[in-house]
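First comes the structure, then the notes that go with it.
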Amino acid sequence: MASGYNPMAVEAAWYDWWEAQGFFKPQTAEDGTAKPEGLFVIPAPPPNVTGSLHVGHALTVAIQDCLVRWNRMLGKTTLFVPGFDHAGISTQSVVEKRLYKTEGKTRHDLGRENFVEKVMDWKNDYQSRITNQLRRLGGSYDWERTAFTMNPGLSKAVIETFCRLHEDGILYRSNRMVNWCVRLNTTLSNLEVEQMQVNGRTLLNVPGYDAKERFEFGLITSFAYPIEGSGKFTHSLRLAYEKIIVATTRPETMLGDTAIAVHPDDPRYKHLHGKFATHPFVQRRIPIVTDAIVVDMEFGTGAVKITPAHDPNDYDVGTRHQLEFINILNDDGTFNENAGERFQGMKRFHARVAVVKALKDAGLFIETKDNPMQIPLCAKSGDIIEPVLKPQWWVNCKPLAEEAIKRTRAGELNIQPKQSEADWYRWLENIQDWCISRQLWWGHRCPAYYVRIEGGENDVNDGKNWVVGRTLEEATRRAEVLANGAKFTLEQDEDVLDTWFSSGLWPFSILGWPEKSDDMKHYYPTSVLETGWDILFFWVARMVLLGVYLTDQMPFKEVYCHAMIRDAHGRKMTKSLGNVVDPLDVIHGLPLQDLHQKLYEGNLDDKEIAKAIAGQKKDFPKGIPECGTDGLRFALCAYSGGGRDLNLEILRVEGYRKFCNKIFNATKFAMLKLDEKFVPEATAKPTGKESLAEKWILHKLNIAATQINAQLEERNFMAATTSAYNFWLYELCDVYIEAMKPMTDESVDPVARVSAQQTLYTCLDHGLRLLHPFMPFVTEELWQRLPRRPNDSTVSIMISSYPVYDANFVHAEADKDFDLVFSTLKTGRSLAASYNLPTDIQLFIHAQTDKEAALFESQASTIVALTKGCKSVKVVRGVEEVPAGCGSAVVSSTLAVYVLVRGLVDLDAEISKCSKKLDLVSLNLDKIIKVISQSDYEATVPATVRAANIEKKETLEAEKATLEMSREMFSKLK
């Protein structure tokens, strides 16, 4: 073994060996089915090929691989399927930014085919980088089953799903309101839109505008529309005319107004029913309609401007009243000809300023007020979302959600933590149709074709002349039926599908669906879907909706949502803050200057880089220390409680690296106690000749195994790591390994010596196995150094059996006795420390019962071994046997500890100390006696409380007597 723990050396070669040995492949029964112990399958959430993994991904790997390794060691057939997501919007966006930054070109300069090749190069590069990270994190994936959402097999699943949903009437085409991101030039689903709250006038920068420009938000602008025929209104001549006042938070949208709505019962406007207002800037008559749904008579003026093509609520009004839907916005965020010659070509927020100015010039501007509001933002680009009308493909989610709710309530799906379950039902019960069209070049192109029929009416905006097809031949056959003998041409939809549409098929597309593959037969449905709670609806819900519909089964039996990792200050990790942490940097360590340098590899501008460098200097003043994979994995699992956020401190990760060092050194030292002749027994079953310390440690080992299995079953990773940590550090290292030193001396009875060695071996063997799911590398390294039991041909810890409850290890009485011994020696250590006695400590244990006296006499050598600096231990039966000049401490009503301090202390100070303690003890004793002496005490106080009070009273009495004796003894010494 190496002289000391070096994580880089320990973690260098084991992974390649595991993979070469085939340990990551599912071990099945002879007929290919799962072993009798059961089946455990995790479809790994596919990381986006947008960029490298961050420490949040490392949390996912740590938790998932812990579960996989644990279940593998329990004897189950396990399958851990790796894969990657093409991440349409994110990947295209980052490649476009990179292309412009490095070459000054846009995707349009390259053309669709060449640009897609460019993105594929990016994908291959980052898939390779991510694969390296996943391997370095120790993920025991079956790499031969690696999936990518745009691989042929998975693409076939996407096409099949699109066509089947369309054939079943679930998927349809419609010209409806969508969320449009000008910056990315694509639609987004509602889930990809974030809301920013402003409480009044707020100036904001908007992506795509000059960095110095800021625009007003959080305002509501009121203006007037002239009523047609009520008087002369021109820009140059403003005579008396009737007007109707409306208000809006988006003044520029008035260029697309096609109605003004009033309440049918509002007396102020009854004379205007059926009349028109005049648009001041475009030649358009604005009808005044009555609508009791959208109008609140008590709010504002009771008149509402209606822009059906640019507002979701107005869209519904426009549909009800058959209003004109006028789109005023180009895809690039500029205004088109429908906005009028004056505003055509303007960018939307420049138009906002121009419209307000024009209203003022025309005398139609009324006022502007602060208005608390939410601003919809694109989660990808930060741009402000525009509601626009677009002909798109939609999925009717209602029937799918109803079935998912029914099956979840029936117990087919377990969602943890439970707080996420309530969110689950709330979202599914209020689900809206899902827009799956995206105006991108990177992704699955829609398998839909417009049939352009010669001589017929052709409108690509409706869904009438569209067909879908798994192949061009199938689409052509359907087009022939639609054309009914007329000539036609097929035009495939230019749009691609929402990334989540393909990701929603993940648990079964990676197993070969829609083919009836062996993998689908043997490994579906999967066992656990583990992911962050933030994509419960983005991804998990869609997998359930599509999985149940397409396979008639829940795609997994359990969903476990882990917390979101934030930095040590609780901030979200973002590149611009410089607090995004690459797990490899934690594993290997990285100097501060190298951390700075990595910022230049991304798409940050100079100002953002400067800000990020300042953040790194604050958070990592000395860079990131080398922590190793095992330390990082253990830390991430130890952080994983029931909360929704966790703040990661690198120093705590470094602390678990030191824990690895403790395990390494303790194992190395303990193995020195296993001499060359040592051979483990054939089984770990105790012989019955074990010492008290041996029985105690085996009992503690059994408790740890029982707890960890239960805690992993409950997905309580924080508790599981605590149980493992406590066993190794506080029980095995701090107690048993120290206590067994005298038991393994050459002078000790050979039978006792061998027994102590066998127990040590069992603890090392089982203890390393308990840790393996959390710390795969160091446990394999150390376990390989241990000798094997006869007839045990297991070649790796990862395929050894995981320790579980073993009735042979239950020693409840020994556990109780040794805990008393340990509690007493700790009291003695504390007593000696209070007198600053580092060495030559002489302990006297006053045991008043025969049982306790025999116990402590038998454990004298153990007490000496575990009490640093202890010279001797003597058990006395009477107080008179305690030599004069001893400090004292009470353990229980029948047990006290004394330390000889004669000639080493200030007698007056000790007498004073005893007197102060006596006063406190007497006060507490009087209180408990008063409680016990109450007239209704026996009738009103539970028996358990009465018993505890009696024990407390007797202990206080013993402590009082001991203190009185000590004070008298110190007084005599004067």
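Chain lettering (A, B, ...) mirrors the order of the structure tokens, residue numbering begins at 1 for each chain separately, and ligand numbering begins at 1 in order of display.
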Original post:
Where in segment 840-955 of chain A does DSSP assign strand (DSSP E or B), given as a list in words?
Top reply: Ile841, Gln842, Leu843, Phe844, Ile845, His846, Ala847, Cys870, Lys871, Ser872, Val873, Lys874, Val875, Val876, Cys886, Gly887, Ser888, Ala889, Val890, Val891, Ser892, Leu895, Ala896, Val897, Tyr898, Val899 and Leu900 of chain A
Just want the 9 Å neighbourhood of Gly443 of chain A, counted on only C-alpha atoms, with same-chain residues fewer than 3 positions away dropped. Output as a PDB file with C-alpha atoms, in the first residue's frame.
```pdb
ATOM      1  CA  HIS A  86     -29.496  17.381 -28.234  1.00  0.00           C
ATOM      2  CA  ALA A  87     -31.091  20.337 -26.352  1.00  0.00           C
ATOM      3  CA  GLY A  88     -32.421  22.152 -29.413  1.00  0.00           C
ATOM      4  CA  ILE A  89     -32.735  25.764 -28.315  1.00  0.00           C
ATOM      5  CA  MET A 150     -31.122  12.235 -32.369  1.00  0.00           C
ATOM      6  CA  ARG A 438     -39.816  25.189 -32.680  1.00  0.00           C
ATOM      7  CA  LEU A 440     -34.924  25.986 -35.212  1.00  0.00           C
ATOM      8  CA  ASP A 495     -39.924  23.537 -37.953  1.00  0.00           C
ATOM      9  CA  VAL A 496     -38.341  21.072 -35.550  1.00  0.00           C
ATOM     10  CA  LEU A 497     -39.912  19.574 -32.453  1.00  0.00           C
ATOM     11  CA  ASP A 498     -39.572  20.787 -28.888  1.00  0.00           C
ATOM     12  CA  THR A 499     -36.616  19.037 -27.235  1.00  0.00           C
TER      13      THR A 499
END
```
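Proximity ranking of A:Val559, A:Leu137, A:Ala29, A:Cys637 relative to Ala58 of chain A places A:Leu137 first, based on only C-alpha atoms.
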Please produce, as JSON lines, a per-residue contact table for segment 755-774 of chain A versus segment 718-725 of chain A (criterion: any atom at most 9 Å away, only C-alpha atoms considered), showing the nearest atom pair and its distance in Å to one decimal, sorted by chain then residue number.
```
{"residue": "A:Gly767", "atom": "CA", "partner": "A:Ala724", "partner_atom": "CA", "distance": 8.0}
{"residue": "A:Leu770", "atom": "CA", "partner": "A:Ala724", "partner_atom": "CA", "distance": 6.9}
{"residue": "A:Leu771", "atom": "CA", "partner": "A:Ala724", "partner_atom": "CA", "distance": 6.5}
{"residue": "A:Phe774", "atom": "CA", "partner": "A:Thr721", "partner_atom": "CA", "distance": 7.9}
```
Subject >> Residue set, segment 636-675 of chain A restricted to helix (DSSP H, G or I), as a PyMOL selection string >> reply: chain A and resi 636-639+650-672
Output for the residues just chosen: N, CA and C atoms as a PDB file, in the first residue's frame:
```pdb
ATOM      1  N   LEU A 636     -21.747  15.239  -1.638  1.00  0.00           N
ATOM      2  CA  LEU A 636     -23.003  15.537  -2.321  1.00  0.00           C
ATOM      3  C   LEU A 636     -24.142  14.692  -1.756  1.00  0.00           C
ATOM      4  N   CYS A 637     -23.866  13.420  -1.467  1.00  0.00           N
ATOM      5  CA  CYS A 637     -24.903  12.580  -0.840  1.00  0.00           C
ATOM      6  C   CYS A 637     -25.202  13.066   0.576  1.00  0.00           C
ATOM      7  N   ALA A 638     -24.157  13.483   1.294  1.00  0.00           N
ATOM      8  CA  ALA A 638     -24.346  13.962   2.669  1.00  0.00           C
ATOM      9  C   ALA A 638     -25.169  15.244   2.714  1.00  0.00           C
ATOM     10  N   TYR A 639     -25.133  16.021   1.651  1.00  0.00           N
ATOM     11  CA  TYR A 639     -25.916  17.248   1.554  1.00  0.00           C
ATOM     12  C   TYR A 639     -27.393  16.976   1.255  1.00  0.00           C
ATOM     13  N   ILE A 650     -17.141  24.294  -0.650  1.00  0.00           N
ATOM     14  CA  ILE A 650     -16.032  23.445  -1.083  1.00  0.00           C
ATOM     15  C   ILE A 650     -15.214  22.958   0.108  1.00  0.00           C
ATOM     16  N   LEU A 651     -15.126  23.764   1.166  1.00  0.00           N
ATOM     17  CA  LEU A 651     -14.353  23.343   2.337  1.00  0.00           C
ATOM     18  C   LEU A 651     -14.958  22.101   2.980  1.00  0.00           C
ATOM     19  N   ARG A 652     -16.285  21.983   2.906  1.00  0.00           N
ATOM     20  CA  ARG A 652     -16.915  20.788   3.466  1.00  0.00           C
ATOM     21  C   ARG A 652     -16.579  19.565   2.607  1.00  0.00           C
ATOM     22  N   VAL A 653     -16.515  19.764   1.301  1.00  0.00           N
ATOM     23  CA  VAL A 653     -16.105  18.665   0.423  1.00  0.00           C
ATOM     24  C   VAL A 653     -14.683  18.239   0.769  1.00  0.00           C
ATOM     25  N   GLU A 654     -13.818  19.213   1.009  1.00  0.00           N
ATOM     26  CA  GLU A 654     -12.441  18.912   1.389  1.00  0.00           C
ATOM     27  C   GLU A 654     -12.410  18.127   2.694  1.00  0.00           C
ATOM     28  N   GLY A 655     -13.363  18.402   3.589  1.00  0.00           N
ATOM     29  CA  GLY A 655     -13.444  17.662   4.844  1.00  0.00           C
ATOM     30  C   GLY A 655     -13.699  16.180   4.614  1.00  0.00           C
ATOM     31  N   TYR A 656     -14.503  15.847   3.609  1.00  0.00           N
ATOM     32  CA  TYR A 656     -14.761  14.435   3.316  1.00  0.00           C
ATOM     33  C   TYR A 656     -13.578  13.787   2.593  1.00  0.00           C
ATOM     34  N   ARG A 657     -12.762  14.593   1.940  1.00  0.00           N
ATOM     35  CA  ARG A 657     -11.512  14.067   1.401  1.00  0.00           C
ATOM     36  C   ARG A 657     -10.626  13.604   2.570  1.00  0.00           C
ATOM     37  N   LYS A 658     -10.653  14.378   3.678  1.00  0.00           N
ATOM     38  CA  LYS A 658      -9.890  13.993   4.867  1.00  0.00           C
ATOM     39  C   LYS A 658     -10.479  12.739   5.505  1.00  0.00           C
ATOM     40  N   PHE A 659     -11.786  12.567   5.374  1.00  0.00           N
ATOM     41  CA  PHE A 659     -12.427  11.347   5.863  1.00  0.00           C
ATOM     42  C   PHE A 659     -11.914  10.140   5.076  1.00  0.00           C
ATOM     43  N   CYS A 660     -11.766  10.305   3.750  1.00  0.00           N
ATOM     44  CA  CYS A 660     -11.171   9.237   2.926  1.00  0.00           C
ATOM     45  C   CYS A 660      -9.766   8.905   3.424  1.00  0.00           C
ATOM     46  N   ASN A 661      -9.027   9.941   3.757  1.00  0.00           N
ATOM     47  CA  ASN A 661      -7.669   9.755   4.273  1.00  0.00           C
ATOM     48  C   ASN A 661      -7.687   8.968   5.583  1.00  0.00           C
ATOM     49  N   LYS A 662      -8.682   9.276   6.430  1.00  0.00           N
ATOM     50  CA  LYS A 662      -8.818   8.570   7.714  1.00  0.00           C
ATOM     51  C   LYS A 662      -9.104   7.086   7.470  1.00  0.00           C
ATOM     52  N   ILE A 663     -10.001   6.794   6.542  1.00  0.00           N
ATOM     53  CA  ILE A 663     -10.334   5.407   6.216  1.00  0.00           C
ATOM     54  C   ILE A 663      -9.099   4.675   5.694  1.00  0.00           C
ATOM     55  N   PHE A 664      -8.363   5.344   4.805  1.00  0.00           N
ATOM     56  CA  PHE A 664      -7.164   4.739   4.205  1.00  0.00           C
ATOM     57  C   PHE A 664      -6.135   4.401   5.277  1.00  0.00           C
ATOM     58  N   ASN A 665      -5.835   5.376   6.117  1.00  0.00           N
ATOM     59  CA  ASN A 665      -4.806   5.155   7.139  1.00  0.00           C
ATOM     60  C   ASN A 665      -5.251   4.166   8.206  1.00  0.00           C
ATOM     61  N   ALA A 666      -6.541   4.232   8.572  1.00  0.00           N
ATOM     62  CA  ALA A 666      -7.044   3.301   9.586  1.00  0.00           C
ATOM     63  C   ALA A 666      -6.993   1.868   9.064  1.00  0.00           C
ATOM     64  N   THR A 667      -7.368   1.683   7.807  1.00  0.00           N
ATOM     65  CA  THR A 667      -7.336   0.341   7.220  1.00  0.00           C
ATOM     66  C   THR A 667      -5.901  -0.160   7.113  1.00  0.00           C
ATOM     67  N   LYS A 668      -5.027   0.721   6.680  1.00  0.00           N
ATOM     68  CA  LYS A 668      -3.616   0.345   6.553  1.00  0.00           C
ATOM     69  C   LYS A 668      -3.055  -0.068   7.917  1.00  0.00           C
ATOM     70  N   PHE A 669      -3.353   0.724   8.959  1.00  0.00           N
ATOM     71  CA  PHE A 669      -2.868   0.392  10.302  1.00  0.00           C
ATOM     72  C   PHE A 669      -3.485  -0.918  10.787  1.00  0.00           C
ATOM     73  N   ALA A 670      -4.803  -1.054  10.588  1.00  0.00           N
ATOM     74  CA  ALA A 670      -5.485  -2.253  11.087  1.00  0.00           C
ATOM     75  C   ALA A 670      -4.955  -3.509  10.426  1.00  0.00           C
ATOM     76  N   MET A 671      -4.591  -3.397   9.137  1.00  0.00           N
ATOM     77  CA  MET A 671      -4.095  -4.580   8.440  1.00  0.00           C
ATOM     78  C   MET A 671      -2.734  -5.028   8.955  1.00  0.00           C
ATOM     79  N   LEU A 672      -2.012  -4.112   9.612  1.00  0.00           N
ATOM     80  CA  LEU A 672      -0.756  -4.513  10.253  1.00  0.00           C
ATOM     81  C   LEU A 672      -1.021  -5.499  11.389  1.00  0.00           C
TER      82      LEU A 672
END
```
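Considering the residues A:Met73, A:Ala568, A:Leu529, A:Leu546 and counting only C-alpha atoms, Glu403 of chain A has its shortest atom-to-atom contact with A:Leu546.
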**OP:** Find the residues around Phe537 of chain A up to 12 Å (only C-alpha atoms counted), leave out those fewer than 3 positions away in its own chain, and share them as a PyMOL selection string.
**Re:** chain A and resi 189-192+401+420-421+423-428+430-432+434+500+504+531-534+540-545+559+561
Just the selected residues (C-alpha atoms), exported as a PDB file, in the first residue's frame, please.
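Now in result07.pdb:
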```pdb
ATOM      1  CA  SER A 189     -43.718  26.409 -24.113  1.00  0.00           C
ATOM      2  CA  ASN A 190     -45.238  28.069 -21.043  1.00  0.00           C
ATOM      3  CA  LEU A 191     -42.775  26.164 -18.866  1.00  0.00           C
ATOM      4  CA  GLU A 192     -39.853  27.859 -20.582  1.00  0.00           C
ATOM      5  CA  ALA A 401     -53.100  14.145 -17.843  1.00  0.00           C
ATOM      6  CA  SER A 420     -43.354  17.594  -4.987  1.00  0.00           C
ATOM      7  CA  GLU A 421     -46.402  15.322  -5.171  1.00  0.00           C
ATOM      8  CA  ASP A 423     -47.162  20.248  -7.165  1.00  0.00           C
ATOM      9  CA  TRP A 424     -47.565  17.271  -9.474  1.00  0.00           C
ATOM     10  CA  TYR A 425     -51.336  17.035  -9.072  1.00  0.00           C
ATOM     11  CA  ARG A 426     -51.827  20.808  -9.197  1.00  0.00           C
ATOM     12  CA  TRP A 427     -49.988  21.120 -12.503  1.00  0.00           C
ATOM     13  CA  LEU A 428     -51.600  18.113 -14.158  1.00  0.00           C
ATOM     14  CA  ASN A 430     -54.510  22.650 -14.710  1.00  0.00           C
ATOM     15  CA  ILE A 431     -52.550  21.472 -17.725  1.00  0.00           C
ATOM     16  CA  GLN A 432     -52.763  23.365 -21.015  1.00  0.00           C
ATOM     17  CA  TRP A 434     -48.496  21.878 -25.407  1.00  0.00           C
ATOM     18  CA  TRP A 500     -38.868  17.823 -24.433  1.00  0.00           C
ATOM     19  CA  GLY A 504     -40.413  12.630 -23.040  1.00  0.00           C
ATOM     20  CA  THR A 531     -33.745  14.305 -11.212  1.00  0.00           C
ATOM     21  CA  GLY A 532     -34.004  17.876  -9.959  1.00  0.00           C
ATOM     22  CA  TRP A 533     -37.419  19.065  -8.807  1.00  0.00           C
ATOM     23  CA  ASP A 534     -37.147  22.033 -11.171  1.00  0.00           C
ATOM     24  CA  VAL A 540     -40.930  14.052 -15.754  1.00  0.00           C
ATOM     25  CA  ALA A 541     -44.590  14.845 -16.377  1.00  0.00           C
ATOM     26  CA  ARG A 542     -44.138  14.569 -20.138  1.00  0.00           C
ATOM     27  CA  MET A 543     -42.460  11.173 -19.771  1.00  0.00           C
ATOM     28  CA  VAL A 544     -45.434  10.007 -17.748  1.00  0.00           C
ATOM     29  CA  LEU A 545     -48.017  11.464 -20.155  1.00  0.00           C
ATOM     30  CA  VAL A 559     -39.638   9.718  -9.012  1.00  0.00           C
ATOM     31  CA  CYS A 561     -36.461  14.860  -6.851  1.00  0.00           C
TER      32      CYS A 561
END
```
**OP:** Tell me which protein, DNA and RNA residues are within 10 Å of Ala684 of chain A, counting only C-alpha atoms, leaving out same-chain ones fewer than 3 positions away, and put them as a list in words.
**Re:**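 Here the qualifying residues turn out to be Pro680, Glu681, Thr687, Gln758, Thr759, Tyr761, Thr762, Cys763, Asp765, His766, Arg789, Asp806, Asn808 and Phe809 of chain A.
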The selected residues should be written to file as an mmCIF file, in the first residue's frame (atoms: N, CA and C atoms).
```
data_model
loop_
_atom_site.group_PDB
_atom_site.id
_atom_site.type_symbol
_atom_site.label_atom_id
_atom_site.label_comp_id
_atom_site.auth_asym_id
_atom_site.auth_seq_id
_atom_site.Cartn_x
_atom_site.Cartn_y
_atom_site.Cartn_z
ATOM 1 N N PRO A 680 -8.934 -15.444 7.073
ATOM 2 C CA PRO A 680 -10.299 -15.194 7.567
ATOM 3 C C PRO A 680 -11.088 -16.495 7.687
ATOM 4 N N GLU A 681 -12.010 -16.518 8.623
ATOM 5 C CA GLU A 681 -12.911 -17.663 8.748
ATOM 6 C C GLU A 681 -13.749 -17.777 7.473
ATOM 7 N N THR A 687 -17.958 -16.671 16.661
ATOM 8 C CA THR A 687 -17.708 -17.982 17.277
ATOM 9 C C THR A 687 -18.358 -18.106 18.648
ATOM 10 N N GLN A 758 -10.172 -11.678 13.653
ATOM 11 C CA GLN A 758 -11.320 -12.049 12.817
ATOM 12 C C GLN A 758 -12.399 -10.963 12.867
ATOM 13 N N THR A 759 -12.631 -10.444 14.054
ATOM 14 C CA THR A 759 -13.624 -9.373 14.193
ATOM 15 C C THR A 759 -13.181 -8.124 13.437
ATOM 16 N N TYR A 761 -11.235 -8.039 10.837
ATOM 17 C CA TYR A 761 -11.390 -8.323 9.406
ATOM 18 C C TYR A 761 -12.847 -8.144 8.966
ATOM 19 N N THR A 762 -13.757 -8.692 9.757
ATOM 20 C CA THR A 762 -15.179 -8.574 9.422
ATOM 21 C C THR A 762 -15.601 -7.108 9.355
ATOM 22 N N CYS A 763 -15.124 -6.314 10.293
ATOM 23 C CA CYS A 763 -15.494 -4.888 10.322
ATOM 24 C C CYS A 763 -14.916 -4.141 9.119
ATOM 25 N N ASP A 765 -14.000 -5.505 6.174
ATOM 26 C CA ASP A 765 -14.662 -6.037 4.983
ATOM 27 C C ASP A 765 -16.067 -5.452 4.837
ATOM 28 N N HIS A 766 -16.875 -5.583 5.876
ATOM 29 C CA HIS A 766 -18.253 -5.087 5.822
ATOM 30 C C HIS A 766 -18.295 -3.556 5.797
ATOM 31 N N ARG A 789 -11.971 -14.657 2.242
ATOM 32 C CA ARG A 789 -12.414 -15.837 2.990
ATOM 33 C C ARG A 789 -12.274 -17.068 2.086
ATOM 34 N N ASP A 806 -28.057 -8.874 10.317
ATOM 35 C CA ASP A 806 -27.612 -10.250 10.584
ATOM 36 C C ASP A 806 -27.846 -10.543 12.056
ATOM 37 N N ASN A 808 -26.885 -12.867 13.795
ATOM 38 C CA ASN A 808 -25.692 -13.375 14.475
ATOM 39 C C ASN A 808 -24.873 -12.237 15.101
ATOM 40 N N PHE A 809 -25.076 -11.023 14.621
ATOM 41 C CA PHE A 809 -24.304 -9.883 15.115
ATOM 42 C C PHE A 809 -25.029 -9.119 16.227
#
```
Original post:
Any idea what's packed within 10 Å of segment 5-12 of chain A, counting only C-alpha atoms, ignoring anything in its chain fewer than 3 positions away? Could you give it as a PyMOL selection string?
Top reply: chain A and resi 1-2+15-16+136-138+587-588+626-631+657-658+660-665+776-782
Store the residues of this selection in a file with C-alpha atoms, as a short mmCIF file (atom, residue, chain, number, x, y, z; two decimals), in the first residue's frame.
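That gives us selection.cif:
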```
data_model
loop_
_atom_site.label_atom_id
_atom_site.label_comp_id
_atom_site.auth_asym_id
_atom_site.auth_seq_id
_atom_site.Cartn_x
_atom_site.Cartn_y
_atom_site.Cartn_z
CA MET A 1 0.00 0.00 0.00
CA ALA A 2 1.03 3.58 -0.62
CA TYR A 15 -12.86 2.43 -13.58
CA ASP A 16 -11.25 1.01 -16.71
CA ARG A 136 -14.38 10.35 -13.69
CA LEU A 137 -17.36 10.64 -11.33
CA GLY A 138 -17.51 6.84 -11.18
CA ILE A 587 -11.81 16.32 -8.03
CA HIS A 588 -8.38 17.44 -9.28
CA GLU A 626 -7.97 18.65 -4.59
CA CYS A 627 -10.86 16.65 -3.12
CA GLY A 628 -11.02 13.48 -5.22
CA THR A 629 -14.11 11.77 -6.60
CA ASP A 630 -14.91 9.84 -3.42
CA GLY A 631 -14.83 12.96 -1.25
CA ARG A 657 -11.51 14.07 1.40
CA LYS A 658 -9.89 13.99 4.87
CA CYS A 660 -11.17 9.24 2.93
CA ASN A 661 -7.67 9.76 4.27
CA LYS A 662 -8.82 8.57 7.71
CA ILE A 663 -10.33 5.41 6.22
CA PHE A 664 -7.16 4.74 4.21
CA ASN A 665 -4.81 5.15 7.14
CA PRO A 776 -16.42 3.49 -5.05
CA PHE A 777 -12.70 4.09 -5.65
CA VAL A 778 -11.07 4.15 -2.22
CA THR A 779 -13.22 1.25 -1.04
CA GLU A 780 -12.16 -0.89 -4.02
CA GLU A 781 -8.52 0.07 -3.46
CA LEU A 782 -8.62 -0.98 0.20
#
```
Original post:
To one decimal place, how far is atom CA of Pro82 of chain A from atom CA of Glu601 of chain A in Å?
Top reply: 26.5 Å
Subject >> For Ala309 of chain A: contacts at 6 Å, only C-alpha atoms, fewer than 3 positions along chain excluded, given as a list in words >> reply: Phe325, Ile326, Asn327, Val388 and Leu389 of chain A
For Glu402 of chain A, list every protein, DNA or RNA residue within 8 Å, evaluated using only C-alpha atoms, and leave out those in the same chain fewer than 4 positions away; present the list as a PDB file with C-alpha atoms, in the first residue's frame.
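Dumped everything to around32.pdb:
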```pdb
ATOM      1  CA  LYS A 398     -55.985  16.967 -21.029  1.00  0.00           C
ATOM      2  CA  LYS A 406     -55.715   8.399 -12.116  1.00  0.00           C
ATOM      3  CA  LEU A 428     -51.600  18.113 -14.158  1.00  0.00           C
ATOM      4  CA  GLU A 429     -55.086  19.240 -13.112  1.00  0.00           C
TER       5      GLU A 429
END
```
Original post:
For Ala211 of chain A, which residue among A:Arg571, A:Lys243, A:Asp605, A:Asp819 is the nearest when counting only C-alpha atoms?
Top reply: A:Asp605
Subject >> Two-atom distance - atom CA of Ile306 of chain A, atom CA of Ala261 of chain A (Å) >> reply: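 Going from atom CA of Ile306 of chain A over to atom CA of Ala261 of chain A, I get 6.9 Å.
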Original post:
Quick one: distance from atom CA of Asp125 of chain A to atom CA of Gly104 of chain A in Å, one decimal?
Top reply: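 If I compute the distance from atom CA of Asp125 of chain A to atom CA of Gly104 of chain A, I get 21.3 Å.
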